[in-house]
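Here is the file upload-v8.cif (mmCIF, C-alpha atoms and all ligand atoms).
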data_run
#
loop_
_atom_site.label_atom_id
_atom_site.label_comp_id
_atom_site.auth_asym_id
_atom_site.auth_seq_id
_atom_site.Cartn_x
_atom_site.Cartn_y
_atom_site.Cartn_z
CA MET A 234 10.82 7.66 -5.38
CA ARG A 235 7.47 8.03 -3.58
CA ARG A 236 5.83 4.59 -3.08
CA ILE A 237 2.08 4.57 -2.46
CA LEU A 238 -0.54 1.90 -1.93
CA VAL A 239 -3.82 3.07 -3.47
CA THR A 240 -6.87 1.01 -2.51
CA GLY A 241 -9.99 1.07 -4.69
CA GLY A 242 -7.93 2.33 -7.61
CA ALA A 243 -10.18 0.71 -10.22
CA GLY A 244 -13.20 2.71 -9.08
CA PHE A 245 -14.21 6.17 -10.24
CA ILE A 246 -12.09 8.46 -8.04
CA GLY A 247 -9.28 5.97 -7.41
CA ALA A 248 -8.75 5.29 -11.13
CA ASN A 249 -8.72 8.99 -11.97
CA PHE A 250 -6.20 9.52 -9.17
CA VAL A 251 -3.98 6.68 -10.41
CA ARG A 252 -4.14 8.04 -13.97
CA MET A 253 -3.21 11.53 -12.75
CA VAL A 254 -0.31 10.33 -10.59
CA LEU A 255 1.19 8.12 -13.30
CA SER A 256 0.83 10.91 -15.89
CA GLU A 257 1.99 13.88 -13.83
CA HIS A 258 4.23 12.53 -11.07
CA PRO A 259 6.58 10.06 -12.77
CA ASP A 260 8.70 9.57 -9.66
CA THR A 261 5.92 7.58 -7.96
CA LEU A 262 5.27 3.86 -7.68
CA VAL A 263 1.56 3.07 -7.45
CA VAL A 264 0.50 -0.27 -6.02
CA ASN A 265 -3.22 -0.52 -6.69
CA LEU A 266 -5.29 -2.94 -4.57
CA ASP A 267 -8.89 -3.38 -5.69
CA LYS A 268 -11.44 -6.14 -5.18
CA LEU A 269 -13.13 -5.37 -8.51
CA THR A 270 -16.66 -5.28 -7.12
CA TYR A 271 -19.48 -4.19 -9.44
CA ALA A 272 -17.98 -0.67 -9.20
CA GLY A 273 -14.38 -1.65 -9.94
CA ASN A 274 -13.47 -1.81 -13.61
CA LEU A 275 -10.09 -2.38 -15.22
CA GLU A 276 -11.34 -0.44 -18.24
CA ASN A 277 -11.08 2.63 -16.00
CA LEU A 278 -7.32 2.08 -16.09
CA ALA A 279 -7.06 1.54 -19.85
CA GLY A 280 -3.66 2.65 -21.11
CA PHE A 281 -2.17 2.45 -17.60
CA THR A 282 -2.45 -1.23 -16.60
CA ASP A 283 1.01 -2.01 -18.01
CA HIS A 284 2.63 1.25 -16.92
CA PRO A 285 6.08 0.45 -15.43
CA ASN A 286 5.26 2.36 -12.21
CA HIS A 287 1.89 0.66 -11.71
CA VAL A 288 1.29 -2.68 -10.00
CA PHE A 289 -2.37 -3.77 -10.03
CA VAL A 290 -3.42 -6.42 -7.50
CA LYS A 291 -6.91 -7.87 -7.33
CA GLY A 292 -7.75 -8.33 -3.65
CA ASP A 293 -9.70 -7.23 -0.62
CA ILE A 294 -8.70 -4.53 1.88
CA LEU A 295 -10.06 -6.89 4.55
CA ASP A 296 -7.24 -9.33 3.73
CA ALA A 297 -4.71 -8.21 6.36
CA LYS A 298 -2.02 -10.65 5.20
CA LEU A 299 -2.20 -9.41 1.62
CA VAL A 300 -2.14 -5.74 2.64
CA GLU A 301 0.84 -6.36 4.93
CA GLN A 302 2.68 -8.24 2.21
CA LEU A 303 2.11 -5.50 -0.37
CA VAL A 304 3.36 -2.84 2.03
CA THR A 305 6.48 -4.88 2.83
CA ASP A 306 7.25 -6.14 -0.68
CA HIS A 307 6.95 -2.70 -2.27
CA ASN A 308 8.42 -0.72 0.60
CA ILE A 309 5.30 1.45 0.72
CA ASP A 310 5.45 4.80 2.51
CA ALA A 311 1.79 5.88 2.30
CA ILE A 312 -1.65 4.31 1.95
CA ILE A 313 -4.46 6.26 0.27
CA ASN A 314 -7.75 4.53 0.95
CA PHE A 315 -10.38 5.04 -1.76
CA ALA A 316 -11.83 1.53 -1.43
CA ALA A 317 -15.43 1.62 -0.29
CA GLU A 318 -19.01 0.80 -0.94
CA SER A 319 -19.96 4.26 -2.12
CA HIS A 320 -23.62 4.49 -3.09
CA VAL A 321 -26.23 5.79 -0.62
CA ASP A 322 -29.16 4.03 -2.34
CA ARG A 323 -27.45 0.64 -2.10
CA SER A 324 -26.67 1.26 1.59
CA LEU A 325 -30.40 1.71 2.19
CA VAL A 326 -31.02 -1.76 0.75
CA ASP A 327 -28.03 -3.70 2.15
CA PRO A 328 -26.05 -1.82 4.83
CA GLY A 329 -23.99 -4.84 6.01
CA VAL A 330 -21.40 -4.76 3.26
CA PHE A 331 -20.88 -1.03 3.94
CA ILE A 332 -19.82 -1.83 7.50
CA GLU A 333 -17.59 -4.66 6.29
CA THR A 334 -15.65 -2.71 3.68
CA ASN A 335 -15.90 0.86 4.92
CA VAL A 336 -15.37 0.22 8.65
CA ASN A 337 -13.66 -3.16 9.04
CA GLY A 338 -11.67 -2.65 5.84
CA THR A 339 -10.41 0.70 7.09
CA LEU A 340 -9.49 -0.90 10.41
CA THR A 341 -7.41 -3.52 8.59
CA LEU A 342 -5.51 -0.84 6.68
CA LEU A 343 -4.98 1.25 9.81
CA LYS A 344 -3.45 -1.67 11.70
CA VAL A 345 -0.96 -2.28 8.89
CA ALA A 346 -0.17 1.43 8.52
CA LEU A 347 0.56 1.66 12.24
CA GLU A 348 2.55 -1.56 12.49
CA LYS A 349 4.66 -0.69 9.45
CA LYS A 350 5.13 2.89 10.70
CA LEU A 351 4.05 4.38 7.41
CA GLU A 352 4.87 7.99 6.72
CA ARG A 353 1.19 8.72 6.00
CA TYR A 354 -2.30 7.20 5.93
CA ILE A 355 -4.89 9.15 3.92
CA GLN A 356 -8.58 8.40 4.34
CA ILE A 357 -10.81 9.53 1.47
CA SER A 358 -14.00 10.48 3.25
CA THR A 359 -17.06 12.52 2.35
CA ASP A 360 -18.95 15.67 3.31
CA GLU A 361 -21.92 13.37 3.95
CA VAL A 362 -20.48 12.57 7.39
CA TYR A 363 -21.63 16.08 8.45
CA GLY A 364 -25.29 15.33 7.71
CA SER A 365 -27.57 17.80 5.96
CA LEU A 366 -27.63 21.63 5.76
CA GLY A 367 -30.57 24.02 5.74
CA PRO A 368 -30.83 26.71 3.07
CA THR A 369 -27.74 28.60 4.32
CA GLY A 370 -24.26 27.88 5.70
CA LYS A 371 -21.49 25.50 4.68
CA PHE A 372 -19.71 22.53 6.24
CA THR A 373 -16.37 23.44 7.83
CA GLU A 374 -13.91 20.98 9.36
CA GLN A 375 -15.42 21.98 12.76
CA THR A 376 -18.98 21.00 11.83
CA PRO A 377 -20.07 18.13 14.11
CA VAL A 378 -20.20 14.74 12.42
CA SER A 379 -23.85 13.69 12.16
CA PRO A 380 -24.39 11.16 9.37
CA ASN A 381 -27.89 10.30 8.14
CA SER A 382 -27.56 7.25 5.85
CA PRO A 383 -25.98 3.83 6.46
CA TYR A 384 -23.35 4.86 3.87
CA SER A 385 -22.42 8.10 5.62
CA ALA A 386 -22.60 6.42 9.04
CA SER A 387 -20.05 3.83 7.87
CA LYS A 388 -17.78 6.58 6.50
CA ALA A 389 -18.09 8.56 9.75
CA ALA A 390 -17.23 5.45 11.78
CA ALA A 391 -14.12 4.97 9.65
CA ASP A 392 -13.12 8.63 10.11
CA HIS A 393 -13.42 8.26 13.89
CA LEU A 394 -11.24 5.15 13.79
CA VAL A 395 -8.57 6.96 11.78
CA ARG A 396 -8.57 9.83 14.24
CA ALA A 397 -8.44 7.41 17.19
CA PHE A 398 -5.38 5.66 15.72
CA GLY A 399 -3.69 9.05 15.47
CA HIS A 400 -4.72 10.10 18.96
CA SER A 401 -3.92 6.80 20.70
CA TRP A 402 -0.83 5.60 18.87
CA GLY A 403 0.47 8.51 16.83
CA LEU A 404 -0.55 7.29 13.37
CA ARG A 405 0.38 9.98 10.85
CA TYR A 406 -2.91 10.51 9.03
CA ASN A 407 -5.03 12.93 7.05
CA ILE A 408 -8.75 12.75 6.31
CA THR A 409 -10.21 14.44 3.24
CA ARG A 410 -13.93 15.17 3.02
CA CYS A 411 -15.06 16.07 -0.47
CA SER A 412 -18.38 17.01 -1.96
CA ASN A 413 -20.10 15.13 -4.83
CA ASN A 414 -17.61 14.31 -7.58
CA TYR A 415 -18.48 14.15 -11.26
CA GLY A 416 -16.45 13.41 -14.37
CA GLU A 417 -14.91 10.69 -16.51
CA TYR A 418 -15.33 6.99 -15.57
CA GLN A 419 -18.14 7.49 -13.01
CA PHE A 420 -20.39 4.46 -12.69
CA PRO A 421 -23.96 5.28 -13.82
CA GLU A 422 -25.62 4.50 -10.49
CA LYS A 423 -24.63 8.04 -9.43
CA MET A 424 -26.87 10.88 -10.53
CA ILE A 425 -24.92 12.61 -13.31
CA PRO A 426 -23.81 9.59 -15.38
CA LEU A 427 -27.16 7.87 -14.78
CA MET A 428 -28.99 10.89 -16.22
CA ILE A 429 -26.55 11.17 -19.16
CA ASN A 430 -27.00 7.48 -19.99
CA ASN A 431 -30.79 7.66 -19.75
CA ALA A 432 -30.98 10.84 -21.83
CA LEU A 433 -28.76 9.30 -24.52
CA ASN A 434 -31.19 6.38 -24.66
CA ASP A 435 -34.33 8.59 -24.53
CA LYS A 436 -35.31 6.93 -21.25
CA PRO A 437 -37.05 8.84 -18.40
CA LEU A 438 -34.75 10.73 -16.02
CA PRO A 439 -35.76 9.67 -12.47
CA VAL A 440 -35.57 12.77 -10.26
CA TYR A 441 -36.12 11.96 -6.58
CA GLY A 442 -38.90 13.93 -4.88
CA ASP A 443 -39.14 17.60 -5.83
CA GLY A 444 -35.63 17.68 -7.35
CA LEU A 445 -34.70 20.71 -5.24
CA TYR A 446 -31.99 18.87 -3.30
CA VAL A 447 -28.65 20.68 -3.54
CA ARG A 448 -25.20 19.20 -4.09
CA ASP A 449 -21.87 21.06 -4.37
CA TRP A 450 -20.35 19.53 -7.50
CA LEU A 451 -16.58 18.92 -7.65
CA TYR A 452 -14.86 18.01 -10.91
CA ILE A 453 -12.93 14.74 -10.52
CA TYR A 454 -9.56 16.07 -11.71
CA ASP A 455 -9.74 18.91 -9.19
CA HIS A 456 -10.45 16.43 -6.41
CA CYS A 457 -7.38 14.41 -7.47
CA THR A 458 -5.07 17.46 -7.39
CA ALA A 459 -6.37 18.27 -3.90
CA ILE A 460 -5.59 14.75 -2.64
CA TRP A 461 -2.08 14.97 -4.11
CA LYS A 462 -1.54 18.25 -2.24
CA VAL A 463 -2.69 16.66 1.01
CA LEU A 464 -0.40 13.67 0.48
CA THR A 465 2.64 15.76 -0.33
CA GLU A 466 2.19 18.98 1.69
CA ALA A 467 -0.22 18.54 4.62
CA ARG A 468 0.80 18.24 8.23
CA PRO A 469 -0.28 14.92 9.77
CA GLY A 470 -3.45 14.90 11.86
CA GLU A 471 -5.29 17.48 9.73
CA ILE A 472 -8.72 17.10 8.14
CA TYR A 473 -9.47 18.94 4.89
CA ASN A 474 -12.80 19.70 3.26
CA ILE A 475 -12.65 19.77 -0.55
CA GLY A 476 -15.53 21.31 -2.51
CA GLY A 477 -16.24 22.70 -5.93
CA ASN A 478 -18.10 25.86 -4.83
CA ASN A 479 -20.76 24.79 -7.34
CA GLU A 480 -24.08 24.44 -5.59
CA LYS A 481 -26.82 23.27 -7.92
CA THR A 482 -30.24 21.71 -7.46
CA ASN A 483 -30.68 18.30 -9.05
CA LEU A 484 -33.25 19.80 -11.45
CA GLU A 485 -30.71 22.42 -12.57
CA VAL A 486 -28.13 19.70 -13.30
CA VAL A 487 -30.61 17.50 -15.13
CA GLY A 488 -31.81 20.50 -17.17
CA LEU A 489 -28.24 21.30 -18.21
CA ILE A 490 -27.64 17.70 -19.32
CA LEU A 491 -30.85 17.64 -21.37
CA ASP A 492 -30.05 20.99 -23.03
CA ARG A 493 -26.54 19.92 -23.90
CA LEU A 494 -27.76 16.63 -25.41
CA GLY A 495 -30.62 18.34 -27.25
CA LYS A 496 -33.22 16.23 -25.43
CA PRO A 497 -36.68 17.41 -24.25
CA LYS A 498 -37.48 18.37 -20.63
CA GLU A 499 -40.43 15.96 -20.90
CA LEU A 500 -37.95 13.15 -20.17
CA ILE A 501 -37.83 14.32 -16.52
CA ARG A 502 -39.85 11.99 -14.29
CA HIS A 503 -40.33 12.82 -10.59
CA VAL A 504 -40.17 9.53 -8.67
CA THR A 505 -40.57 8.44 -5.03
CA ASP A 506 -37.96 10.11 -2.87
CA ARG A 507 -34.99 8.40 -1.21
CA PRO A 508 -35.73 7.73 2.50
CA GLY A 509 -33.90 10.21 4.75
CA HIS A 510 -32.65 12.19 1.72
CA ASP A 511 -30.15 14.90 2.78
CA ARG A 512 -31.50 18.25 1.56
CA ARG A 513 -28.33 20.22 0.95
CA TYR A 514 -24.55 19.82 1.03
CA ALA A 515 -22.13 22.74 0.65
CA ILE A 516 -18.45 22.82 1.47
CA ASP A 517 -16.29 25.55 2.89
CA SER A 518 -12.90 24.76 1.27
CA SER A 519 -11.05 27.73 2.74
CA LYS A 520 -8.72 25.59 4.87
CA ILE A 521 -7.21 23.65 1.94
CA MET A 522 -7.22 26.79 -0.21
CA ASN A 523 -5.39 28.87 2.40
CA GLU A 524 -3.02 26.26 3.83
CA LEU A 525 -2.18 24.21 0.75
CA LYS A 526 -3.00 26.78 -1.97
CA TRP A 527 -5.29 24.32 -3.76
CA ARG A 528 -7.67 25.75 -6.35
CA PRO A 529 -10.29 24.00 -8.53
CA SER A 530 -9.29 24.34 -12.19
CA VAL A 531 -12.74 24.45 -13.81
CA THR A 532 -16.20 25.91 -13.32
CA PHE A 533 -19.18 23.55 -13.27
CA GLU A 534 -20.14 24.63 -16.79
CA VAL A 535 -16.71 23.64 -18.18
CA GLY A 536 -16.53 20.43 -16.13
CA ILE A 537 -20.01 19.19 -17.05
CA ASN A 538 -19.42 19.84 -20.76
CA ARG A 539 -16.13 17.96 -20.57
CA THR A 540 -17.89 15.11 -18.77
CA ILE A 541 -20.76 14.87 -21.28
CA ASP A 542 -18.22 14.96 -24.17
CA TRP A 543 -16.33 12.11 -22.50
CA TYR A 544 -19.46 9.93 -22.18
CA LEU A 545 -20.32 10.66 -25.82
CA ALA A 546 -16.81 9.68 -26.92
CA ASN A 547 -16.68 6.55 -24.74
CA GLU A 548 -19.80 4.77 -25.82
CA THR A 549 -18.09 1.35 -25.59
CA TRP A 550 -17.10 1.91 -21.95
CA LEU A 551 -20.65 2.96 -21.14
CA ARG A 552 -22.17 0.01 -23.01
CA HIS A 553 -19.99 -2.41 -21.04
CA VAL A 554 -20.81 -0.97 -17.61
CA VAL A 555 -24.57 -0.87 -18.18
CA SER A 556 -24.73 -4.47 -19.32
CA GLY A 557 -25.23 -7.42 -16.95
CA GLU A 558 -25.62 -6.64 -13.25
CA TYR A 559 -26.51 -2.99 -13.90
CA GLN A 560 -29.75 -3.98 -15.63
CA GLN A 561 -30.95 -5.90 -12.55
CA TYR A 562 -29.84 -3.08 -10.29
CA TYR A 563 -31.73 -0.52 -12.37
CA ALA A 564 -34.86 -2.65 -12.49
CA SER A 565 -34.85 -3.22 -8.72
CA MET A 566 -34.31 0.47 -7.91
CA TYR A 567 -36.43 2.23 -10.52
CA HIS A 568 -39.19 0.02 -11.92
CA ASN A 569 -42.56 1.01 -10.45
CA ARG A 570 -40.88 3.72 -8.38
P1 LIG B 1 -16.55 3.62 -6.47
O1 LIG B 1 -17.71 2.86 -5.92
O2 LIG B 1 -16.58 4.09 -7.89
O3 LIG B 1 -15.22 2.74 -6.33
C1 LIG B 1 -14.92 1.99 -5.19
C2 LIG B 1 -13.78 1.04 -5.54
O4 LIG B 1 -13.44 0.31 -4.34
C3 LIG B 1 -14.16 0.01 -6.60
O5 LIG B 1 -13.13 -0.09 -7.56
C4 LIG B 1 -14.30 -1.29 -5.82
O6 LIG B 1 -13.97 -2.44 -6.58
C5 LIG B 1 -13.31 -1.07 -4.69
N1 LIG B 1 -13.63 -1.85 -3.49
C6 LIG B 1 -14.83 -1.98 -2.88
N2 LIG B 1 -14.73 -2.81 -1.82
C7 LIG B 1 -13.42 -3.19 -1.75
C8 LIG B 1 -12.70 -4.02 -0.87
N3 LIG B 1 -13.29 -4.62 0.17
N4 LIG B 1 -11.37 -4.19 -1.08
C9 LIG B 1 -10.77 -3.59 -2.14
N5 LIG B 1 -11.41 -2.80 -3.02
C10 LIG B 1 -12.72 -2.61 -2.82
O7 LIG B 1 -16.33 4.83 -5.47
P2 LIG B 1 -15.76 6.29 -5.77
O8 LIG B 1 -16.87 7.15 -6.19
O9 LIG B 1 -14.54 6.18 -6.59
O10 LIG B 1 -15.37 6.72 -4.29
C11 LIG B 1 -14.05 6.54 -3.78
C12 LIG B 1 -14.01 7.03 -2.36
O11 LIG B 1 -14.40 8.40 -2.32
C13 LIG B 1 -14.96 6.27 -1.44
O12 LIG B 1 -14.31 6.07 -0.21
C14 LIG B 1 -16.13 7.22 -1.27
O13 LIG B 1 -16.73 7.05 -0.01
C15 LIG B 1 -15.45 8.57 -1.39
N6 LIG B 1 -16.32 9.65 -1.89
C16 LIG B 1 -16.89 9.58 -3.13
C17 LIG B 1 -17.66 10.64 -3.60
C18 LIG B 1 -18.26 10.65 -4.97
O14 LIG B 1 -18.89 11.64 -5.35
N7 LIG B 1 -18.09 9.62 -5.78
C19 LIG B 1 -17.87 11.76 -2.80
C20 LIG B 1 -17.29 11.78 -1.52
C21 LIG B 1 -16.50 10.73 -1.11
P1 LIG B 2 -25.95 10.57 -5.84
O1 LIG B 2 -25.21 10.73 -7.12
O2 LIG B 2 -26.49 9.24 -5.47
O3 LIG B 2 -24.99 11.14 -4.69
P2 LIG B 2 -25.32 11.41 -3.11
O4 LIG B 2 -26.61 10.82 -2.77
O5 LIG B 2 -24.19 10.69 -2.46
O6 LIG B 2 -25.28 12.88 -2.95
O7 LIG B 2 -27.17 11.59 -5.85
C1 LIG B 2 -26.98 12.98 -6.05
C2 LIG B 2 -28.33 13.64 -5.90
O8 LIG B 2 -29.19 13.22 -6.96
C3 LIG B 2 -29.05 13.27 -4.62
O9 LIG B 2 -29.79 14.40 -4.15
C4 LIG B 2 -30.01 12.18 -5.04
C5 LIG B 2 -30.37 12.57 -6.46
N1 LIG B 2 -30.68 11.47 -7.39
C6 LIG B 2 -31.87 11.51 -8.15
O10 LIG B 2 -32.67 12.46 -8.04
N2 LIG B 2 -32.11 10.48 -9.00
C7 LIG B 2 -31.27 9.41 -9.13
O11 LIG B 2 -31.56 8.48 -9.92
C8 LIG B 2 -30.06 9.40 -8.36
C9 LIG B 2 -29.09 8.25 -8.46
C10 LIG B 2 -29.81 10.45 -7.51
#
As structure tokens - that is how I would like this structure written.
Amino acid sequence: MRRILVTGGAGFIGANFVRMVLSEHPDTLVVNLDKLTYAGNLENLAGFTDHPNHVFVKGDILDAKLVEQLVTDHNIDAIINFAAESHVDRSLVDPGVFIETNVNGTLTLLKVALEKKLERYIQISTDEVYGSLGPTGKFTEQTPVSPNSPYSASKAAADHLVRAFGHSWGLRYNITRCSNNYGEYQFPEKMIPLMINNALNDKPLPVYGDGLYVRDWLYIYDHCTAIWKVLTEARPGEIYNIGGNNEKTNLEVVGLILDRLGKPKELIRHVTDRPGHDRRYAIDSSKIMNELKWRPSVTFEVGINRTIDWYLANETWLRHVVSGEYQQYYASMYHNR
């Protein structure tokens, strides 16, 4: 039996990964360590919290004793680190917690992985560590790391630490750098679910600046299958870019959402831009496609329709996540913007 410690497994990508592993790879024990910050939500694991191969533990990746104990008690052979502060806009308001969790938290996990001689440590990173592209070209694994936001700087710092642990002490690691994910269970601070939620409520859709910023959208399930391939098939020490090959401007995405929900384009509201906003991300995924034979399973059109259907069918989930703290967050970010 494969025995993995997933951190941040109550967040968007982590929860989807846990759900996929428990559904499709029954010979796997998943120990899931999550602090349940504003972004962590046990409702993301509905139907799986009592699964016999799933142990959920509420706790912090900065708690070295707890991490060590979980690895020992469950005889863990790999850590997959999803836990992070993940939103660029929040990092521009309060960068400190990004350094704590994303850098110091990663360091804590690395020390345990090394000390316990784990078979593998997987760091879930981001294409944002490469910085921003002009109108042409794509990020490859050789693109120099050049992060522009406090969020991406903290992720880049963590990536460098992972690499240094491999270089200095032989830690068996992989780093994955994916493009923007979208899909089921994404918290509506990120662009796609925020726009879906606003459109459903006939509220203005706040498009930053001219709306011509480009992201390369990756469907969540396809990201999860890529991570599983890296965990089970990759050689240690390799970095893999994972992208959806779906470059779209923000205005194109917002237009699609409005069309699909039968809402008017007049809901679009151009608002003050994000400081230092990266113009374009695009991923060259040829390494993972050639070496590990990974392929995305859906086009953007299929994935976005599936995602919108899911938000329509999960109105209770959405209502819960936009109550409470989210209202203050939204007011502080968007009122008078
Ligand atoms: P998320 O914000 O939805 O979830 C993060 C999870 O980590 C939450 O469940 C939260 O409770 C948990 N967490 C935060 N601090 C913690 C701590 N100190 N200890 C334990 N748990 C803690 O994020 P996500 O979108 O699921 O992203 C997961 C990973 O993927 C992150 O590392 C992020 O940088 C990376 N990533 C995300 C995207 C994207 O499009 N969402 C793109 C590229 C990379
Ligand atoms: P986001 O989902 O925050 O991901 P990231 O900044 O990590 O790429 O944003 C995706 C794009 O959408 C980005 O160009 C910023 C833009 N955006 C808006 O125009 N309005 C919004 O309210 C949000 C949250 C994002």
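The smallest atom-to-atom distance between Thr240 in chain A and any of A:Glu333, A:Gly280, A:Leu491, A:Leu342, using only C-alpha atoms, is found for A:Leu342.
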For range 291-329 of chain A versus range 508-530 of chain A, which residues have an atom no more than 12 Å away, and what is each residue's nearest atom pair and distance in Å rounded to one decimal, using all atoms listed in the file, chain-then-number order, as a tab-separated table?
residue	atom	partner	partner_atom	distance
A:Val321	CA	A:His510	CA	9.4
A:Asp322	CA	A:Pro508	CA	9.0
A:Arg323	CA	A:Pro508	CA	11.8
A:Ser324	CA	A:Pro508	CA	11.2
A:Leu325	CA	A:Pro508	CA	8.0
A:Val326	CA	A:Pro508	CA	10.7
Once you add 5 Å to each side, what are the centre and edge lengths of the axis-aligned box holding all listed atoms of ligand LIG 1 (chain B)? One decimal in Å, as AutoDock Vina command-line options, if you can.
--center_x -14.8 --center_y 3.6 --center_z -3.9 --size_x 18.1 --size_y 26.4 --size_z 18.1
Kindly compile the residues surrounding ligand LIG 2 (chain B) within 7 Å, counting all atoms listed in the file, and format them as a PyMOL selection string.
chain A and resi 320-322+413+422-425+427+439-441+444+446-448+483+510-511
Return as number ranges by chain every polymer residue, whether protein, DNA or RNA, with at least one atom no more than 7 Å from an atom of ligand LIG 1 (chain B); count all atoms listed in the file.
A: 240-247, 266-274, 292-295, 314-320, 334, 338, 357-360, 388, 410-415, 419-420
Kindly save the residues from that selection, with C-alpha atoms included, as a PDB file, keeping the file's coordinate frame.
ATOM      1  CA  THR A 240      -6.870   1.010  -2.510  1.00  0.00           C
ATOM      2  CA  GLY A 241      -9.990   1.070  -4.690  1.00  0.00           C
ATOM      3  CA  GLY A 242      -7.930   2.330  -7.610  1.00  0.00           C
ATOM      4  CA  ALA A 243     -10.180   0.710 -10.220  1.00  0.00           C
ATOM      5  CA  GLY A 244     -13.200   2.710  -9.080  1.00  0.00           C
ATOM      6  CA  PHE A 245     -14.210   6.170 -10.240  1.00  0.00           C
ATOM      7  CA  ILE A 246     -12.090   8.460  -8.040  1.00  0.00           C
ATOM      8  CA  GLY A 247      -9.280   5.970  -7.410  1.00  0.00           C
ATOM      9  CA  LEU A 266      -5.290  -2.940  -4.570  1.00  0.00           C
ATOM     10  CA  ASP A 267      -8.890  -3.380  -5.690  1.00  0.00           C
ATOM     11  CA  LYS A 268     -11.440  -6.140  -5.180  1.00  0.00           C
ATOM     12  CA  LEU A 269     -13.130  -5.370  -8.510  1.00  0.00           C
ATOM     13  CA  THR A 270     -16.660  -5.280  -7.120  1.00  0.00           C
ATOM     14  CA  TYR A 271     -19.480  -4.190  -9.440  1.00  0.00           C
ATOM     15  CA  ALA A 272     -17.980  -0.670  -9.200  1.00  0.00           C
ATOM     16  CA  GLY A 273     -14.380  -1.650  -9.940  1.00  0.00           C
ATOM     17  CA  ASN A 274     -13.470  -1.810 -13.610  1.00  0.00           C
ATOM     18  CA  GLY A 292      -7.750  -8.330  -3.650  1.00  0.00           C
ATOM     19  CA  ASP A 293      -9.700  -7.230  -0.620  1.00  0.00           C
ATOM     20  CA  ILE A 294      -8.700  -4.530   1.880  1.00  0.00           C
ATOM     21  CA  LEU A 295     -10.060  -6.890   4.550  1.00  0.00           C
ATOM     22  CA  ASN A 314      -7.750   4.530   0.950  1.00  0.00           C
ATOM     23  CA  PHE A 315     -10.380   5.040  -1.760  1.00  0.00           C
ATOM     24  CA  ALA A 316     -11.830   1.530  -1.430  1.00  0.00           C
ATOM     25  CA  ALA A 317     -15.430   1.620  -0.290  1.00  0.00           C
ATOM     26  CA  GLU A 318     -19.010   0.800  -0.940  1.00  0.00           C
ATOM     27  CA  SER A 319     -19.960   4.260  -2.120  1.00  0.00           C
ATOM     28  CA  HIS A 320     -23.620   4.490  -3.090  1.00  0.00           C
ATOM     29  CA  THR A 334     -15.650  -2.710   3.680  1.00  0.00           C
ATOM     30  CA  GLY A 338     -11.670  -2.650   5.840  1.00  0.00           C
ATOM     31  CA  ILE A 357     -10.810   9.530   1.470  1.00  0.00           C
ATOM     32  CA  SER A 358     -14.000  10.480   3.250  1.00  0.00           C
ATOM     33  CA  THR A 359     -17.060  12.520   2.350  1.00  0.00           C
ATOM     34  CA  ASP A 360     -18.950  15.670   3.310  1.00  0.00           C
ATOM     35  CA  LYS A 388     -17.780   6.580   6.500  1.00  0.00           C
ATOM     36  CA  ARG A 410     -13.930  15.170   3.020  1.00  0.00           C
ATOM     37  CA  CYS A 411     -15.060  16.070  -0.470  1.00  0.00           C
ATOM     38  CA  SER A 412     -18.380  17.010  -1.960  1.00  0.00           C
ATOM     39  CA  ASN A 413     -20.100  15.130  -4.830  1.00  0.00           C
ATOM     40  CA  ASN A 414     -17.610  14.310  -7.580  1.00  0.00           C
ATOM     41  CA  TYR A 415     -18.480  14.150 -11.260  1.00  0.00           C
ATOM     42  CA  GLN A 419     -18.140   7.490 -13.010  1.00  0.00           C
ATOM     43  CA  PHE A 420     -20.390   4.460 -12.690  1.00  0.00           C
TER      44      PHE A 420
END
Just checking: using only C-alpha atoms, which residue out of A:Leu464, A:His456, A:Asn381, A:Thr261 ends up closest to Leu366 in chain A?
A:Asn381
